[in-house]
Every structure is written in C-alpha cells, then in structure tokens.
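Have a look at the structure below before the remarks.
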Amino acid sequence: MGDGVVVSAAVEQRLCERVRAALSVLPDDQRHTASDADRIGKRPAAVTMTLLPVPGATGDGALADEVAFVLTRRARSLRAHSGQWALPGGRIDAGESAEQAGRREVSEEIGLELGPDRVLGLLDDYPTRSGYVITPVVLWAGGTGEPVPNPAEVAELHRPALAEIDREPRFLSIPESDAPVIQVPLFDRYVHAPTGAVLHQFREVVLHGRATRVAHLEQPVFAWR
C-alpha cells in the first residue's frame, strides 16, 4: 500500500467476499434497470465503485473502516463535466457490457487492470439529466497495485474509506422538479447525483443491508446539460 503497510492476500480475499455478500441484498433479478422510455435519447454509460483495502486492514473490522473507494476530480480540460467529482467510468462502447466498460474505464483513467473476476456486482441504473443511463459496477481492485491517474482525464485522485460516506444525505426541494435533490456530505462539501446517488445506494446496500432505491433522486439544475 501507499504507506508501506501490507495487507495480506487472505485479508484481501476476506474483504472482497464480505462486500460481495453484502451486495446480495440487491440481487440481479431485483436490481432497477432503466425502462425503454428512460433510455430514449440517452447513451449507456458505466461508473465504478472501485474498492481497495485500507492500509492495515485485518479483514475482521467494520467494512466502513477497512475498505476505501476511488473518487476522482475530472480534469479541467475535459469537454463534459470538467472539474466535477466523479467515479471512474464513461460511455459503454458498442458490443460492451457495463462490466466490461467499467473495467476498461478503470484501466484508462487510473491504470488498474482488472479481470472479470474482480466484478462484485451492479447497483441500480440511474438515468441522468445530461443524456446518459448510468450502470454502477462494483469492482475489487485490491492487490493490483496503486492507482495512477491519467492526467488527461483526472485532475485529482482520492481514496476515502467507506466511513466517509456513511452519513445521512441532505435532500433539497427545487421548483424545477417534484423529486428531491440528493446531496451526500464528503470532504466538508456536498456531492450531487449522479455520483451522490451511487454513493448513497452503495452505503445503504453494503454498509447497512438496505435495498434503497435512488433512480428517482434528482440532480441539481446546473447538471441538467
């Protein structure tokens, strides 16, 4: 790990299997998938919850304290959503599954090569106001080296422990929509949907065993483009 504290392969495997088991609260046949109507005029995309062990993890502590995830700030040079907080991800190319696209994007953005066995599960589809239907893919990246951000796409790379998102979100009402805008507290600020929605559902499912839905949650008006 980055600070020299080694996490054993046995601990890696235990943490990985604990996350996989926690995701069973949201089985494939109960996962929300976007309807044909939701997909009209929208492009498919995948984002990833790319998970790593916290240095010094034992495998027996709380997942919130022993597992971290990769969060980036998008490069200012990017044409879409520059400078925003994001999970590694991007468009699903023709012939790709969401899982394949998520693994490819992790390779391109943060330099980690993850095989199909690293896919732990999927969260609910989330249709965005900016023209995408996002499928969140949960990946285990422990034991594959340190993430290295691609400067063409990533301005900053953070790896907060899951405890950082184990907080109650804030919901705001806006005149433009009947749905509440979700804001997830992180780094002394708020992360909005779609990233905020994915983080909230992951927290609910994996840390609290609740099959909470998020596709109805709204984005702020500045993201409606």
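Residue numbers start at 1 in each chain; chains themselves are named A, B, ... in the order of the structure tokens; ligands are numbered from 1 in the order shown.
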
Show me a table, sorted first by chain and then by increasing residue number, of the residues of segment 131-194 of chain A having an atom at most 7 Å from segment 43-63 of chain A, each with its shortest atom pair and the distance in Å to one decimal, counting only C-alpha atoms and written as CSV.
```
residue,atom,partner,partner_atom,distance
A:Gly131,CA,A:Arg43,CA,6.3
A:Tyr132,CA,A:Arg43,CA,4.6
A:Val133,CA,A:Pro44,CA,5.0
A:Ile134,CA,A:Ala45,CA,4.7
A:Thr135,CA,A:Ala46,CA,4.7
A:Pro136,CA,A:Val47,CA,4.8
A:Val137,CA,A:Thr48,CA,4.7
A:Val138,CA,A:Met49,CA,4.7
A:Leu139,CA,A:Thr50,CA,4.8
A:Trp140,CA,A:Leu51,CA,4.9
A:Ala141,CA,A:Leu52,CA,5.5
A:Gly142,CA,A:Leu52,CA,4.7
A:Ala161,CA,A:Val54,CA,6.9
```

Export all heavy atoms of the chosen residues as a tab-separated table (two decimals), in the first residue's frame?
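Wrote result-v3.tsv, looks like this:
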```tsv
chain	number	residue	atom	x	y	z
A	131	GLY	N	-28.10	13.17	-20.34
A	131	GLY	CA	-28.23	12.33	-21.52
A	131	GLY	C	-27.64	10.94	-21.44
A	131	GLY	O	-27.36	10.34	-22.48
A	132	TYR	N	-27.51	10.39	-20.23
A	132	TYR	CA	-26.96	9.04	-20.09
A	132	TYR	C	-27.86	8.18	-19.21
A	132	TYR	O	-28.61	8.70	-18.38
A	132	TYR	CB	-25.56	9.08	-19.45
A	132	TYR	CG	-24.51	9.71	-20.32
A	132	TYR	CD1	-24.25	11.08	-20.24
A	132	TYR	CD2	-23.80	8.96	-21.25
A	132	TYR	CE1	-23.29	11.67	-21.04
A	132	TYR	CE2	-22.84	9.55	-22.06
A	132	TYR	CZ	-22.59	10.90	-21.96
A	132	TYR	OH	-21.64	11.48	-22.76
A	133	VAL	N	-27.76	6.88	-19.39
A	133	VAL	CA	-28.26	5.92	-18.40
A	133	VAL	C	-27.03	5.23	-17.83
A	133	VAL	O	-26.31	4.52	-18.55
A	133	VAL	CB	-29.21	4.90	-19.02
A	133	VAL	CG1	-29.56	3.82	-17.99
A	133	VAL	CG2	-30.49	5.57	-19.52
A	134	ILE	N	-26.78	5.48	-16.56
A	134	ILE	CA	-25.56	5.00	-15.90
A	134	ILE	C	-25.83	3.69	-15.18
A	134	ILE	O	-26.81	3.57	-14.43
A	134	ILE	CB	-25.05	6.05	-14.89
A	134	ILE	CG1	-24.53	7.28	-15.63
A	134	ILE	CG2	-23.97	5.47	-14.00
A	134	ILE	CD1	-24.13	8.40	-14.71
A	135	THR	N	-24.96	2.71	-15.39
A	135	THR	CA	-24.99	1.47	-14.63
A	135	THR	C	-23.76	1.43	-13.72
A	135	THR	O	-22.62	1.41	-14.21
A	135	THR	CB	-24.98	0.24	-15.55
A	135	THR	OG1	-26.12	0.27	-16.40
A	135	THR	CG2	-25.00	-1.05	-14.73
A	136	PRO	N	-23.92	1.44	-12.40
A	136	PRO	CA	-22.78	1.37	-11.48
A	136	PRO	C	-22.27	-0.07	-11.34
A	136	PRO	O	-23.05	-0.99	-11.09
A	136	PRO	CB	-23.34	1.90	-10.17
A	136	PRO	CG	-24.65	2.55	-10.51
A	136	PRO	CD	-25.17	1.78	-11.69
A	137	VAL	N	-20.97	-0.23	-11.49
A	137	VAL	CA	-20.31	-1.53	-11.41
A	137	VAL	C	-19.39	-1.53	-10.19
A	137	VAL	O	-18.56	-0.62	-10.04
A	137	VAL	CB	-19.48	-1.82	-12.68
A	137	VAL	CG1	-18.84	-3.21	-12.61
A	137	VAL	CG2	-20.34	-1.68	-13.94
A	138	VAL	N	-19.54	-2.51	-9.32
A	138	VAL	CA	-18.70	-2.61	-8.12
A	138	VAL	C	-17.52	-3.52	-8.44
A	138	VAL	O	-17.71	-4.68	-8.85
A	138	VAL	CB	-19.49	-3.13	-6.92
A	138	VAL	CG1	-18.60	-3.17	-5.67
A	138	VAL	CG2	-20.73	-2.26	-6.67
A	139	LEU	N	-16.30	-3.00	-8.26
A	139	LEU	CA	-15.08	-3.73	-8.60
A	139	LEU	C	-14.16	-3.83	-7.39
A	139	LEU	O	-14.04	-2.87	-6.61
A	139	LEU	CB	-14.33	-3.00	-9.71
A	139	LEU	CG	-15.04	-2.82	-11.06
A	139	LEU	CD1	-14.23	-1.90	-11.96
A	139	LEU	CD2	-15.25	-4.17	-11.72
A	140	TRP	N	-13.50	-4.97	-7.25
A	140	TRP	CA	-12.46	-5.12	-6.22
A	140	TRP	C	-11.10	-4.96	-6.88
A	140	TRP	O	-10.75	-5.71	-7.78
A	140	TRP	CB	-12.55	-6.47	-5.53
A	140	TRP	CG	-11.56	-6.58	-4.41
A	140	TRP	CD1	-10.37	-7.26	-4.43
A	140	TRP	CD2	-11.65	-5.95	-3.14
A	140	TRP	NE1	-9.72	-7.09	-3.23
A	140	TRP	CE2	-10.48	-6.29	-2.42
A	140	TRP	CE3	-12.59	-5.12	-2.53
A	140	TRP	CZ2	-10.25	-5.83	-1.12
A	140	TRP	CZ3	-12.36	-4.67	-1.23
A	140	TRP	CH2	-11.20	-5.03	-0.54
A	141	ALA	N	-10.33	-3.97	-6.42
A	141	ALA	CA	-9.03	-3.67	-7.04
A	141	ALA	C	-7.87	-3.93	-6.11
A	141	ALA	O	-6.72	-3.60	-6.44
A	141	ALA	CB	-9.00	-2.20	-7.50
A	142	GLY	N	-8.12	-4.53	-4.96
A	142	GLY	CA	-7.04	-4.82	-4.04
A	142	GLY	C	-6.03	-5.79	-4.64
A	142	GLY	O	-6.38	-6.69	-5.39
A	161	ALA	N	-11.97	6.17	2.90
A	161	ALA	CA	-12.61	4.98	3.48
A	161	ALA	C	-14.12	5.10	3.33
A	161	ALA	O	-14.68	6.20	3.27
A	161	ALA	CB	-12.23	4.85	4.94
```

Residues within 7 Å of segment 104-107 of chain A, only C-alpha atoms, excluding chain neighbours under 6 positions, as a VMD selection string: chain A and resid 88 to 90 113

When DSSP works through the backbone of this structure, what residues of segment 127-167 of chain A end up as helix (DSSP H, G or I), shown as JSON, numbers by chain? {"A": [162, 163, 164, 165]}

Please identify all polymer residues within 10 Å of Gly209 of chain A, counting only C-alpha atoms, omitting same-chain residues fewer than 3 positions from it, and present them as an NGL selection string. :A and (22-26 or 202-206 or 212)

What is the distance, in Å and to one decimal place, between atom CA of Ala223 of chain A and atom CA of Ser130 of chain A?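 Between atom CA of Ala223 of chain A and atom CA of Ser130 of chain A the gap works out to 6.7 Å.
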
Would you pick out the contacts of Arg170 of chain A at 12 Å or less, using only C-alpha atoms, so that residues sharing its chain but fewer than 6 positions from it are not included, and give the list as a PDB file with N, CA, C and O atoms, in the first residue's frame?
```
ATOM      1  N   PRO A 180     -36.730  15.063  -5.024  1.00  0.00           N
ATOM      2  CA  PRO A 180     -35.736  15.735  -4.184  1.00  0.00           C
ATOM      3  C   PRO A 180     -34.323  15.623  -4.770  1.00  0.00           C
ATOM      4  O   PRO A 180     -33.953  14.605  -5.349  1.00  0.00           O
ATOM      5  N   VAL A 181     -33.559  16.677  -4.614  1.00  0.00           N
ATOM      6  CA  VAL A 181     -32.142  16.679  -4.990  1.00  0.00           C
ATOM      7  C   VAL A 181     -31.348  16.079  -3.839  1.00  0.00           C
ATOM      8  O   VAL A 181     -31.488  16.510  -2.692  1.00  0.00           O
ATOM      9  N   ILE A 182     -30.526  15.066  -4.133  1.00  0.00           N
ATOM     10  CA  ILE A 182     -29.709  14.443  -3.095  1.00  0.00           C
ATOM     11  C   ILE A 182     -28.341  15.097  -3.039  1.00  0.00           C
ATOM     12  O   ILE A 182     -27.732  15.408  -4.068  1.00  0.00           O
ATOM     13  N   GLN A 183     -27.869  15.333  -1.811  1.00  0.00           N
ATOM     14  CA  GLN A 183     -26.523  15.848  -1.568  1.00  0.00           C
ATOM     15  C   GLN A 183     -25.861  14.963  -0.510  1.00  0.00           C
ATOM     16  O   GLN A 183     -26.371  14.831   0.602  1.00  0.00           O
ATOM     17  N   VAL A 184     -24.743  14.343  -0.870  1.00  0.00           N
ATOM     18  CA  VAL A 184     -24.019  13.461   0.044  1.00  0.00           C
ATOM     19  C   VAL A 184     -22.835  14.218   0.630  1.00  0.00           C
ATOM     20  O   VAL A 184     -21.982  14.715  -0.117  1.00  0.00           O
ATOM     21  N   PRO A 185     -22.759  14.363   1.963  1.00  0.00           N
ATOM     22  CA  PRO A 185     -21.632  15.098   2.554  1.00  0.00           C
ATOM     23  C   PRO A 185     -20.322  14.332   2.416  1.00  0.00           C
ATOM     24  O   PRO A 185     -20.248  13.149   2.723  1.00  0.00           O
ATOM     25  N   LEU A 186     -19.303  15.024   1.910  1.00  0.00           N
ATOM     26  CA  LEU A 186     -17.980  14.425   1.732  1.00  0.00           C
ATOM     27  C   LEU A 186     -16.961  15.543   1.591  1.00  0.00           C
ATOM     28  O   LEU A 186     -17.176  16.497   0.833  1.00  0.00           O
ATOM     29  N   ARG A 189     -17.991  19.257   1.999  1.00  0.00           N
ATOM     30  CA  ARG A 189     -18.843  19.817   0.951  1.00  0.00           C
ATOM     31  C   ARG A 189     -19.875  18.765   0.600  1.00  0.00           C
ATOM     32  O   ARG A 189     -20.012  17.768   1.290  1.00  0.00           O
ATOM     33  N   TYR A 190     -20.607  18.984  -0.486  1.00  0.00           N
ATOM     34  CA  TYR A 190     -21.652  18.035  -0.870  1.00  0.00           C
ATOM     35  C   TYR A 190     -21.425  17.537  -2.288  1.00  0.00           C
ATOM     36  O   TYR A 190     -21.084  18.317  -3.184  1.00  0.00           O
ATOM     37  N   VAL A 191     -21.640  16.222  -2.474  1.00  0.00           N
ATOM     38  CA  VAL A 191     -21.559  15.599  -3.787  1.00  0.00           C
ATOM     39  C   VAL A 191     -22.983  15.330  -4.258  1.00  0.00           C
ATOM     40  O   VAL A 191     -23.772  14.707  -3.556  1.00  0.00           O
ATOM     41  N   HIS A 192     -23.307  15.809  -5.452  1.00  0.00           N
ATOM     42  CA  HIS A 192     -24.644  15.658  -6.008  1.00  0.00           C
ATOM     43  C   HIS A 192     -24.752  14.382  -6.849  1.00  0.00           C
ATOM     44  O   HIS A 192     -23.764  13.748  -7.178  1.00  0.00           O
ATOM     45  N   ALA A 193     -25.998  14.057  -7.232  1.00  0.00           N
ATOM     46  CA  ALA A 193     -26.241  12.986  -8.199  1.00  0.00           C
ATOM     47  C   ALA A 193     -25.696  13.426  -9.556  1.00  0.00           C
ATOM     48  O   ALA A 193     -25.649  14.622  -9.842  1.00  0.00           O
ATOM     49  N   GLY A 196     -23.452  11.272  -6.280  1.00  0.00           N
ATOM     50  CA  GLY A 196     -24.023  11.213  -4.934  1.00  0.00           C
ATOM     51  C   GLY A 196     -25.052  10.114  -4.785  1.00  0.00           C
ATOM     52  O   GLY A 196     -25.131   9.463  -3.736  1.00  0.00           O
ATOM     53  N   ALA A 197     -25.839   9.886  -5.821  1.00  0.00           N
ATOM     54  CA  ALA A 197     -26.855   8.828  -5.763  1.00  0.00           C
ATOM     55  C   ALA A 197     -26.198   7.455  -5.680  1.00  0.00           C
ATOM     56  O   ALA A 197     -26.644   6.575  -4.922  1.00  0.00           O
ATOM     57  N   HIS A 200     -24.689   6.979  -2.212  1.00  0.00           N
ATOM     58  CA  HIS A 200     -25.730   6.752  -1.206  1.00  0.00           C
ATOM     59  C   HIS A 200     -26.273   5.327  -1.294  1.00  0.00           C
ATOM     60  O   HIS A 200     -26.418   4.651  -0.262  1.00  0.00           O
ATOM     61  N   LEU A 217     -34.089  10.007  -7.502  1.00  0.00           N
ATOM     62  CA  LEU A 217     -33.490  11.187  -6.900  1.00  0.00           C
ATOM     63  C   LEU A 217     -32.973  12.150  -7.964  1.00  0.00           C
ATOM     64  O   LEU A 217     -32.444  11.734  -8.990  1.00  0.00           O
ATOM     65  N   GLU A 218     -33.109  13.418  -7.692  1.00  0.00           N
ATOM     66  CA  GLU A 218     -32.865  14.451  -8.693  1.00  0.00           C
ATOM     67  C   GLU A 218     -31.430  14.974  -8.647  1.00  0.00           C
ATOM     68  O   GLU A 218     -30.752  14.889  -7.612  1.00  0.00           O
TER      69      GLU A 218
END
```

Find the residues around Arg129 of chain A up to 8 Å (only C-alpha atoms counted), leave out those fewer than 4 positions away in its own chain, and share them as a ChimeraX atom specification. /A:219,223-225

Quick one: pull the distance between atom CA of Pro169 of chain A and atom CA of Glu153 of chain A, Å, one decimal. 27.8 Å

When DSSP works through the backbone of this structure, what residues of segment 46-191 of chain A end up as strand (DSSP E or B), shown as a PyMOL selection string? chain A and resi 46-53+67-69+71-74+85-86+89-91+119-122+126-127+132-140+154-158+161+170-174+177-186+189-191
